[in-house]
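K.L.:
Input start.cif, format and content: mmCIF, C-alpha atoms and all ligand atoms.
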```
data_input
#
loop_
_atom_site.label_atom_id
_atom_site.label_comp_id
_atom_site.auth_asym_id
_atom_site.auth_seq_id
_atom_site.Cartn_x
_atom_site.Cartn_y
_atom_site.Cartn_z
CA MET U 24 81.13 115.81 108.94
CA THR U 25 81.70 113.16 111.57
CA ASN U 26 85.46 113.10 111.61
CA ILE U 27 85.94 116.29 113.54
CA GLN U 28 86.78 114.80 116.88
CA ASN U 29 86.57 117.82 119.09
CA PRO U 30 83.99 120.43 118.27
CA ASP U 31 85.15 123.02 120.81
CA PHE U 32 87.79 124.79 118.76
CA GLU U 33 90.69 126.46 120.55
CA ILE U 34 91.96 128.90 117.97
CA ILE U 35 89.92 131.02 115.59
CA ILE U 36 91.65 132.85 112.75
CA GLU U 37 90.23 135.34 110.26
CA SER U 38 92.20 135.63 107.06
CA PRO U 39 91.19 138.28 104.51
CA GLY U 40 91.29 138.55 100.73
CA ARG U 41 93.17 141.39 99.11
CA ILE U 42 92.72 144.08 96.50
CA ASN U 43 95.53 145.64 94.51
CA LEU U 44 95.26 149.28 93.46
CA ILE U 45 98.17 149.18 91.03
CA GLY U 46 101.39 147.24 90.36
CA GLU U 47 99.96 144.17 88.63
CA HIS U 48 102.14 141.27 87.48
CA VAL U 49 105.30 142.95 88.74
CA ASP U 50 105.76 141.23 92.11
CA TYR U 51 107.63 138.22 90.70
CA SER U 52 109.90 140.62 88.79
CA GLY U 53 110.83 142.48 91.99
CA GLY U 54 108.61 145.52 91.34
CA HIS U 55 106.45 147.77 93.54
CA VAL U 56 102.82 146.90 94.30
CA LEU U 57 100.03 148.68 96.18
CA PRO U 58 97.67 146.09 97.68
CA ALA U 59 95.47 146.09 100.82
CA ALA U 60 93.64 143.47 102.88
CA ILE U 61 89.82 143.63 102.76
CA ASP U 62 86.83 142.83 104.94
CA LYS U 63 85.87 139.68 103.00
CA LYS U 64 87.58 136.74 104.64
CA ILE U 65 88.04 133.08 105.44
CA THR U 66 87.39 131.99 109.03
CA LEU U 67 89.32 128.97 110.27
CA ARG U 68 88.75 127.17 113.56
CA PHE U 69 91.48 124.89 114.90
CA LYS U 70 91.71 122.26 117.62
CA ASN U 71 94.56 119.99 118.64
CA ASN U 72 93.31 116.37 118.32
CA ASN U 73 96.30 114.51 119.84
CA THR U 74 96.56 112.10 116.89
CA ASN U 75 98.88 111.99 113.90
CA SER U 76 96.16 112.98 111.46
CA CYS U 77 94.42 116.19 110.50
CA PHE U 78 90.71 116.44 109.72
CA ILE U 79 89.75 119.37 107.56
CA VAL U 80 86.15 120.40 106.89
CA SER U 81 85.10 123.00 104.32
CA LYS U 82 81.68 124.32 105.26
CA ASN U 83 81.29 126.00 101.86
CA PHE U 84 82.11 122.92 99.82
CA LYS U 85 80.37 120.65 102.37
CA LYS U 86 83.41 118.39 102.04
CA GLN U 87 86.03 117.03 104.38
CA PHE U 88 89.36 115.29 104.05
CA GLU U 89 91.98 113.66 106.20
CA ILE U 90 95.72 114.25 106.15
CA ASN U 91 98.20 111.68 107.41
CA LEU U 92 101.16 113.67 108.74
CA ASP U 93 103.54 110.77 108.00
CA ASN U 94 102.67 110.92 104.31
CA LEU U 95 102.24 114.46 103.01
CA LEU U 96 101.63 114.17 99.28
CA ARG U 97 100.01 116.43 96.69
CA SER U 98 96.32 115.82 96.21
CA ASP U 99 94.27 115.76 93.00
CA THR U 100 91.83 118.16 94.67
CA GLU U 101 93.13 121.69 94.34
CA TRP U 102 91.93 123.20 97.61
CA HIS U 103 93.53 120.36 99.61
CA ASN U 104 96.91 121.36 98.22
CA TYR U 105 96.86 124.82 99.79
CA ILE U 106 96.61 123.18 103.20
CA LEU U 107 98.94 120.25 102.51
CA GLY U 108 101.54 122.63 101.10
CA VAL U 109 101.48 124.90 104.13
CA ILE U 110 101.89 121.97 106.54
CA PHE U 111 104.72 120.60 104.40
CA HIS U 112 106.58 123.91 104.33
CA ILE U 113 106.11 124.60 108.05
CA ASN U 114 107.73 121.21 108.65
CA VAL U 115 110.62 122.15 106.35
CA LEU U 116 111.31 125.24 108.45
CA LYS U 117 110.45 123.73 111.86
CA PRO U 118 110.63 119.93 111.61
CA ASN U 119 107.84 117.97 113.32
CA SER U 120 106.21 121.10 114.69
CA VAL U 121 102.77 120.34 113.22
CA LYS U 122 100.84 117.66 115.11
CA GLY U 123 97.34 116.30 114.50
CA PHE U 124 94.56 118.89 114.42
CA ASP U 125 90.96 119.45 113.39
CA CYS U 126 90.12 122.47 111.28
CA GLU U 127 86.84 123.87 110.07
CA ILE U 128 86.89 126.42 107.24
CA GLU U 129 84.20 128.89 106.22
CA SER U 130 84.57 131.63 103.63
CA ASN U 131 82.79 134.64 102.21
CA LEU U 132 85.52 135.22 99.62
CA PRO U 133 84.32 134.47 96.10
CA LEU U 134 86.62 131.89 94.46
CA GLY U 135 88.41 132.61 91.19
CA SER U 136 87.60 136.31 91.35
CA GLY U 137 91.17 137.58 91.71
CA ILE U 138 90.89 138.63 95.36
CA SER U 139 93.18 135.88 96.49
CA SER U 140 91.13 133.37 98.39
CA SER U 141 94.18 131.11 97.94
CA ALA U 142 96.57 133.33 99.89
CA ALA U 143 93.88 133.90 102.51
CA LEU U 144 93.59 130.14 102.99
CA GLU U 145 97.34 129.47 103.04
CA CYS U 146 98.11 132.29 105.45
CA GLY U 147 95.12 131.43 107.63
CA VAL U 148 96.34 127.84 107.97
CA ALA U 149 99.91 128.99 108.66
CA LYS U 150 98.78 131.46 111.33
CA GLY U 151 96.38 128.99 112.94
CA LEU U 152 98.97 126.23 113.21
CA ASN U 153 101.57 128.70 114.43
CA GLU U 154 99.21 129.67 117.27
CA LEU U 155 97.90 126.19 117.99
CA PHE U 156 101.31 124.54 118.29
CA ASP U 157 103.24 127.61 119.43
CA ILE U 158 105.68 127.17 116.55
CA GLY U 159 107.22 130.65 116.70
CA LEU U 160 107.02 131.52 112.99
CA THR U 161 107.50 135.19 112.13
CA ASP U 162 105.13 137.00 109.76
CA ILE U 163 107.73 136.92 107.00
CA GLU U 164 108.22 133.18 107.47
CA MET U 165 104.45 132.61 107.23
CA ILE U 166 104.25 134.80 104.12
CA THR U 167 107.15 133.05 102.42
CA LEU U 168 106.17 129.50 103.26
CA SER U 169 102.59 130.16 102.10
CA LYS U 170 103.97 131.37 98.76
CA ASP U 171 106.23 128.30 98.59
CA ALA U 172 103.19 126.06 99.23
CA GLU U 173 101.50 127.59 96.20
CA HIS U 174 104.59 126.96 94.06
CA THR U 175 105.23 123.37 95.07
CA PHE U 176 101.81 121.92 95.91
CA VAL U 177 99.43 124.01 93.79
CA GLY U 178 101.83 124.68 90.92
CA THR U 179 101.28 128.43 90.47
CA LYS U 180 104.60 130.25 90.51
CA CYS U 181 103.07 133.31 92.16
CA GLY U 182 104.89 136.33 93.53
CA ILE U 183 104.83 137.48 97.16
CA MET U 184 102.19 140.23 96.91
CA ASP U 185 99.07 138.30 97.92
CA GLN U 186 100.49 136.57 100.96
CA PHE U 187 102.19 139.78 102.08
CA ALA U 188 99.00 141.83 101.81
CA VAL U 189 96.92 139.16 103.50
CA VAL U 190 99.24 138.95 106.51
CA LYS U 191 100.47 142.54 106.78
CA GLY U 192 97.33 144.46 105.76
CA LYS U 193 96.22 147.34 108.01
CA LYS U 194 92.75 148.83 108.32
CA ASP U 195 92.31 151.91 106.08
CA HIS U 196 95.81 151.62 104.65
CA LEU U 197 97.42 150.51 101.42
CA LEU U 198 100.75 148.73 101.50
CA LEU U 199 103.42 150.05 99.19
CA LEU U 200 105.58 146.95 98.94
CA ASN U 201 108.95 146.68 97.25
CA CYS U 202 108.89 143.03 96.19
CA GLU U 203 112.66 142.93 95.80
CA THR U 204 113.56 143.98 99.35
CA LEU U 205 110.18 143.43 101.05
CA ASP U 206 110.49 146.97 102.45
CA HIS U 207 107.01 148.37 102.84
CA GLU U 208 105.25 151.59 103.73
CA LEU U 209 101.70 152.07 104.93
CA ILE U 210 99.86 154.67 102.84
CA LYS U 211 96.58 156.12 104.09
CA ALA U 212 93.81 154.91 101.78
CA ASP U 213 92.10 158.26 101.38
CA PHE U 214 90.16 158.55 98.15
CA GLY U 215 88.09 161.56 99.21
CA ASP U 216 84.61 161.35 97.72
CA TYR U 217 85.47 158.21 95.78
CA LYS U 218 84.77 154.69 96.92
CA ILE U 219 86.16 151.38 95.74
CA THR U 220 83.97 148.74 94.20
CA LEU U 221 85.02 145.54 92.53
CA LEU U 222 82.96 144.22 89.66
CA ASN U 223 83.18 140.47 89.40
CA THR U 224 82.84 139.27 85.79
CA ASN U 225 81.99 135.79 87.11
CA VAL U 226 84.26 134.35 84.44
CA SER U 227 87.50 132.55 85.18
CA HIS U 228 89.06 131.46 81.91
CA ASN U 229 91.11 128.23 81.89
CA LEU U 230 94.14 130.21 80.86
CA ALA U 231 94.39 131.82 84.29
CA SER U 232 96.75 129.30 85.87
CA SER U 233 98.69 128.07 82.83
CA GLU U 234 99.30 131.51 81.34
CA TYR U 235 100.41 132.89 84.70
CA ASN U 236 103.47 130.63 84.71
CA VAL U 237 104.05 131.39 81.02
CA ARG U 238 104.20 135.13 81.82
CA ARG U 239 106.70 134.46 84.55
CA ASP U 240 108.88 132.48 82.12
CA GLU U 241 108.60 135.22 79.50
CA CYS U 242 109.80 137.80 82.04
CA ASN U 243 112.76 135.55 82.85
CA THR U 244 113.58 135.19 79.15
CA ALA U 245 113.63 138.99 78.80
CA LEU U 246 115.82 139.37 81.87
CA GLU U 247 118.32 136.75 80.71
CA ALA U 248 118.73 138.50 77.36
CA ILE U 249 119.21 141.88 79.06
CA GLN U 250 121.71 140.42 81.54
CA LYS U 251 124.00 139.40 78.66
CA LYS U 252 124.69 143.10 78.14
CA TYR U 253 123.89 144.39 81.63
CA PRO U 254 124.78 141.67 84.16
CA GLU U 255 124.17 144.12 87.02
CA TYR U 256 120.39 143.65 86.73
CA THR U 257 119.11 140.81 88.89
CA LEU U 258 115.37 141.42 88.45
CA LEU U 259 113.35 142.67 85.49
CA ALA U 260 111.64 145.53 87.35
CA GLN U 261 115.06 147.11 88.04
CA VAL U 262 115.67 147.68 84.33
CA ARG U 263 114.85 151.23 83.24
CA PRO U 264 112.49 151.78 80.26
CA LYS U 265 115.35 153.40 78.31
CA VAL U 266 117.43 150.23 78.64
CA ILE U 267 114.48 148.01 77.68
CA ARG U 268 114.02 150.08 74.50
CA GLU U 269 117.58 149.19 73.43
CA PHE U 270 116.30 145.63 73.08
CA GLU U 271 113.36 146.43 70.84
CA LYS U 272 115.02 144.95 67.74
CA ILE U 273 116.79 142.17 69.66
CA LEU U 274 114.01 140.54 71.65
CA PRO U 275 111.02 138.80 70.04
CA LYS U 276 108.14 141.33 70.03
CA LYS U 277 106.11 139.47 72.64
CA ILE U 278 109.03 139.21 75.07
CA TYR U 279 109.92 142.86 74.51
CA ASN U 280 106.32 143.89 75.24
CA ARG U 281 106.30 141.92 78.49
CA ALA U 282 109.50 143.59 79.64
CA LEU U 283 108.30 147.05 78.64
CA TYR U 284 105.07 146.51 80.55
CA VAL U 285 106.89 145.44 83.73
CA THR U 286 109.23 148.40 83.85
CA LYS U 287 106.40 150.85 83.10
CA GLU U 288 103.99 149.33 85.61
CA ASN U 289 106.64 149.39 88.30
CA ARG U 290 107.08 153.12 87.69
CA ARG U 291 103.34 153.68 87.56
CA THR U 292 102.99 152.28 91.08
CA LEU U 293 105.47 154.81 92.40
CA LYS U 294 103.79 157.62 90.44
CA ALA U 295 100.40 156.55 91.79
CA VAL U 296 101.65 156.70 95.38
CA LYS U 297 103.05 160.18 94.74
CA ALA U 298 99.68 161.26 93.28
CA LEU U 299 97.84 159.84 96.27
CA LYS U 300 100.13 161.61 98.72
CA GLU U 301 99.55 164.87 96.82
CA ASN U 302 95.82 164.21 96.83
CA ASP U 303 95.80 164.21 93.03
CA LEU U 304 93.07 161.63 92.55
CA ALA U 305 92.57 162.43 88.87
CA ARG U 306 96.20 161.51 88.21
CA PHE U 307 95.88 158.40 90.37
CA GLY U 308 92.87 157.26 88.34
CA GLU U 309 94.59 158.00 85.03
CA LEU U 310 97.42 155.68 86.07
CA LEU U 311 94.90 152.91 86.79
CA TYR U 312 93.60 153.19 83.23
CA LYS U 313 97.15 153.12 81.88
CA SER U 314 97.85 150.02 83.93
CA HIS U 315 94.85 148.33 82.35
CA ARG U 316 95.93 149.25 78.82
CA GLY U 317 99.36 147.78 79.53
CA LEU U 318 97.85 144.58 80.91
CA THR U 319 95.65 144.28 77.82
CA ASN U 320 98.05 145.27 75.04
CA LEU U 321 101.55 144.49 76.28
CA PHE U 322 101.17 141.83 78.96
CA GLU U 323 98.05 140.26 77.41
CA VAL U 324 96.39 138.93 80.55
CA SER U 325 93.01 140.63 80.18
CA CYS U 326 89.91 139.27 78.46
CA LYS U 327 86.89 140.66 76.63
CA GLU U 328 84.72 140.79 79.76
CA LEU U 329 87.29 142.80 81.74
CA ASP U 330 88.01 145.12 78.80
CA PHE U 331 84.31 145.75 78.31
CA LEU U 332 83.87 146.82 81.94
CA VAL U 333 86.88 149.13 81.90
CA ASP U 334 85.76 150.66 78.58
CA PHE U 335 82.28 151.11 80.03
CA THR U 336 83.68 153.46 82.70
CA GLN U 337 86.05 155.38 80.43
CA ASP U 338 83.74 158.30 79.63
CA LEU U 339 81.92 158.47 82.97
CA ASP U 340 83.31 161.49 84.79
CA TYR U 341 82.25 160.08 88.17
CA VAL U 342 84.58 157.09 87.71
CA ILE U 343 88.17 158.27 88.07
CA GLY U 344 89.92 154.95 87.58
CA SER U 345 89.23 151.38 86.55
CA ARG U 346 91.32 148.37 85.65
CA MET U 347 91.45 144.60 85.83
CA MET U 348 92.82 143.30 89.10
CA GLY U 349 94.89 140.24 90.01
CA GLY U 350 96.19 137.51 87.71
CA GLY U 351 93.69 138.24 84.91
CA PHE U 352 91.74 136.15 82.35
CA GLY U 353 88.61 136.85 84.37
CA GLY U 354 87.91 137.85 87.93
CA CYS U 355 87.24 141.46 88.89
CA THR U 356 87.83 145.00 87.84
CA ILE U 357 88.62 147.55 90.54
CA ASN U 358 86.85 150.89 90.20
CA LEU U 359 87.03 154.23 91.98
CA VAL U 360 83.54 155.72 91.81
CA HIS U 361 82.13 158.98 93.21
CA LYS U 362 79.98 158.22 96.23
CA ASP U 363 76.94 160.08 94.83
CA TYR U 364 76.86 157.81 91.77
CA PHE U 365 78.00 154.60 93.42
CA ASP U 366 74.73 152.68 93.41
CA SER U 367 73.51 153.91 90.03
CA PHE U 368 76.90 153.08 88.51
CA ILE U 369 76.66 149.51 89.74
CA GLU U 370 73.15 149.13 88.36
CA ASP U 371 74.16 150.58 84.97
CA ALA U 372 77.26 148.37 84.75
CA LYS U 373 75.21 145.28 85.65
CA ALA U 374 72.61 146.05 82.97
CA ALA U 375 75.23 146.73 80.29
CA TYR U 376 77.19 143.57 81.16
CA GLN U 377 74.04 141.45 81.17
CA GLU U 378 73.07 142.79 77.77
CA LYS U 379 76.50 142.26 76.27
CA PHE U 380 77.39 138.82 77.67
CA ASP U 381 74.14 137.48 79.06
CA LEU U 382 75.94 137.04 82.37
CA ASP U 383 75.46 138.39 85.88
CA LEU U 384 77.92 140.95 87.13
CA THR U 385 78.47 140.83 90.87
CA PRO U 386 79.56 143.98 92.68
CA ILE U 387 81.83 143.41 95.66
CA LYS U 388 81.94 146.44 97.93
CA VAL U 389 85.11 146.29 99.95
CA ALA U 390 86.44 148.03 103.04
CA ILE U 391 90.16 148.01 103.72
CA SER U 392 90.80 145.95 106.82
CA ASP U 393 93.45 144.30 108.97
CA GLY U 394 95.46 141.27 107.86
CA THR U 395 95.25 137.68 109.13
CA ARG U 396 94.44 137.74 112.84
CA LYS U 397 93.53 135.59 115.79
CA VAL U 398 90.01 136.33 116.97
C1 LIG M 401 98.24 136.65 91.38
C2 LIG M 401 99.55 136.24 92.07
C3 LIG M 401 100.32 137.45 92.58
C4 LIG M 401 100.47 138.52 91.50
C5 LIG M 401 99.14 138.79 90.83
C6 LIG M 401 99.28 139.73 89.64
O1 LIG M 401 97.35 137.19 92.30
O2 LIG M 401 99.29 135.37 93.14
O3 LIG M 401 101.58 137.05 93.06
O4 LIG M 401 101.46 138.17 90.57
O5 LIG M 401 98.51 137.61 90.36
O6 LIG M 401 99.72 140.97 90.06
#
```
Reformat the file's structure so that it appears as structure tokens.

P.N.:
Amino acid sequence: MTNIQNPDFEIIIESPGRINLIGEHVDYSGGHVLPAAIDKKITLRFKNNNTNSCFIVSKNFKKQFEINLDNLLRSDTEWHNYILGVIFHINVLKPNSVKGFDCEIESNLPLGSGISSSAALECGVAKGLNELFDIGLTDIEMITLSKDAEHTFVGTKCGIMDQFAVVKGKKDHLLLLNCETLDHELIKADFGDYKITLLNTNVSHNLASSEYNVRRDECNTALEAIQKKYPEYTLLAQVRPKVIREFEKILPKKIYNRALYVTKENRRTLKAVKALKENDLARFGELLYKSHRGLTNLFEVSCKELDFLVDFTQDLDYVIGSRMMGGGFGGCTINLVHKDYFDSFIEDAKAAYQEKFDLDLTPIKVAISDGTRKV
């Protein structure tokens, strides 16, 4: 760790992970999502080093690397690319604004668990450099360039949800985000006697990154077919279920299922917000289960470990909702559990999961917190 030239860091940034209550795999089709920033986070410390190089240290990985600002290229090491990509895209927007810096990174966000450690890192780097070099980026610019970094340097063609939630999250609030217009509304996260817990399957199947881009392509294929008859639609989530059903015999079954899922999930998000505003938690929870069934049967991004955990809760009347969360193929389920049964539920789920898969299940208790901030 000798390369850090100046240990007295000037800027400290905390950048959180995110949860998503409902609205999964609809962001890149212009749908509505309901995420929130959480109290688990990445802490980044920055210092100007007055050179033309950047020295990055990951305390978790116990690794460091150097970036030459004259030669910003993709790396073979995945986590480097989140940082390289953000620097590259800041320079696209504001040429030569990033100078040499030292950065130390420390995280309590579990990797590969679907709570978006990647967006937390990207947005944390963007915010830190914005502060350190007084670049003048707006929140929306930081959100967008962080997403672009993931597309071009990491290779995941993600939507905007994660970066938006990470930057714009507010303590005790959910964000209802329209991913087409980026209009958003803060919704009080009031679940009464129910508390949120994530259950981390501790599996991250290889399919996670490759199949993500495949799903995005499949949604585009569906949209292109629909546009031949209805050119007014520019995004898949705009298409009403009734219109999608007209294509049942025209589209290949798989593509039809993807499209049907997207339009239904988009509507479910809006229904869930209505239920929450009316304090109808039973309805809210029911929609979470429906979301999971859609992700399993129509969008096919779940896996046996996630399905097992959701099924495990189905008949427990103190769990009002459960579903897989994030990109899928592993990671966490999100569960709304009555506070009186919270701890016993976690113990029971752990025991059942251990027995079924011979694997540890890790609960992640989350509180809804503010987005990326300077400390
Ligand atoms: C990942 C992506 C997001 C979103 C979710 C699924 O987290 O980064 O853009 O598509 O998957 O909802």

K.L.:
In Å, with one decimal, what is the gap from atom CA of Leu200 of chain U to atom CA of Met184 of chain U?

P.N.:
7.8 Å

K.L.:
Could you please determine the separation between atom CA of Gly349 of chain U and atom CA of Lys276 of chain U in Å, to one decimal place?

P.N.:
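Distance reported for this atom pair: 24.0 Å.
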
K.L.:
In Å, how far is it from atom CA of Gln337 of chain U to atom CA of Asn280 of chain U?

P.N.:
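Taking atom CA of Gln337 of chain U as the start and atom CA of Asn280 of chain U as the end point, the length is 23.9 Å.
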
K.L.:
May I ask which of the residues U:Phe307, U:Phe84, U:Phe322, U:Phe78 is the closest one to ligand LIG 401 (chain M), counting all atoms listed in the file?

P.N.:
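Under the stated criterion, the closest residue is U:Phe322.
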
K.L.:
Counting all atoms listed in the file, which residue out of U:Arg306, U:Lys86, U:His103, U:Arg239 sits closest to ligand LIG 401 (chain M)?

P.N.:
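The closest residue to ligand LIG 401 (chain M) is U:Arg239.
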
K.L.:
So, with all atoms listed in the file as the atoms that count, which of U:Asn320, U:Thr395, U:Asn43, U:Asn358 lies closest to ligand LIG 401 (chain M)?

P.N.:
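Smallest distance to ligand LIG 401 (chain M) is found for U:Asn43.
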
K.L.:
Distance limit 7 Å, reference ligand LIG 401 (chain M), atoms considered: all atoms listed in the file. Which residues make the cut? Give them as a ChimeraX atom specification.

P.N.:
/U:46-51,137,139,181-185,349-350

K.L.:
If we count only C-alpha atoms and set the cut-off at 12 Å, which residues sit around Ile90 of chain U, ignoring sequence neighbours fewer than 6 positions away in its own chain? Please answer as a PyMOL selection string.

P.N.:
chain U and resi 26+74-80+96-98+103-104+106-108+110-111+121-126

K.L.:
Measuring between all atoms listed in the file, which one of U:Leu197, U:Leu310, U:Met347, U:Ala372 shows the shortest distance to Ser392 of chain U?

P.N.:
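That would be U:Leu197, the residue with the smallest distance to Ser392 of chain U.
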
K.L.:
For each of U:Asp171, U:Asp31, U:Asp62, U:Glu145, take the minimum atom-to-atom distance to Ile387 of chain U, counting all atoms listed in the file, then give the residue where this is smallest.

P.N.:
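The closest residue to Ile387 of chain U is U:Asp62.
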
K.L.:
Name all residues at most 10 Å from Tyr376 of chain U (count all atoms listed in the file; drop same-chain ones fewer than 6 positions away) and give them as a list in words.

P.N.:
Thr224, Glu328, Phe331, Leu332, Phe335, Glu370, Leu382, Asp383 and Leu384 of chain U

K.L.:
Using only C-alpha atoms, which residues sit within 12 Å of Arg263 of chain U once same-chain residues fewer than 2 positions away are excluded, as a list in words?

P.N.:
Gly54, Leu246, Ile249, Tyr253, Tyr256, Leu258, Leu259, Ala260, Gln261, Lys265, Val266, Ile267, Arg268, Glu269, Phe270, Ala282, Leu283, Tyr284, Val285, Thr286, Lys287, Glu288, Asn289 and Arg290 of chain U

K.L.:
Find the spatial neighbours of Pro275 of chain U, counting only C-alpha atoms, within a cut-off of 12 Å - ignore same-chain residues fewer than 4 positions away - and output them as a list in words.

P.N.:
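Once the nearby chain positions are removed, what remains is Glu241, Thr244, Ala245, Ala248, Phe270, Glu271, Tyr279, Asn280, Arg281 and Ala282 of chain U.
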
K.L.:
Nearest residue to Val262 of chain U out of U:Asn72, U:Ser367, U:Ser130, U:Ser52, using all atoms listed in the file?

P.N.:
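Closest to Val262 of chain U, using all atoms listed in the file: U:Ser52.
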
K.L.:
What would the list of residues within 12 Å of (86.4, 125.1, 107.9) (file frame) look like as a PyMOL selection string, if only C-alpha atoms are what count?

P.N.:
chain U and resi 24+27+30+32+35-37+65-70+78-88+102-103+106+125-131+144+147-148+151

K.L.:
Compute the distance from (101.4, 147.1, 101.0) to each atom, counting only C-alpha atoms, keep the residues with any atom at most 9 Å away, and return them as a PyMOL selection string; use the coordinates of the file.

P.N.:
chain U and resi 43+56-60+184+187-188+191-193+196-201+207-210
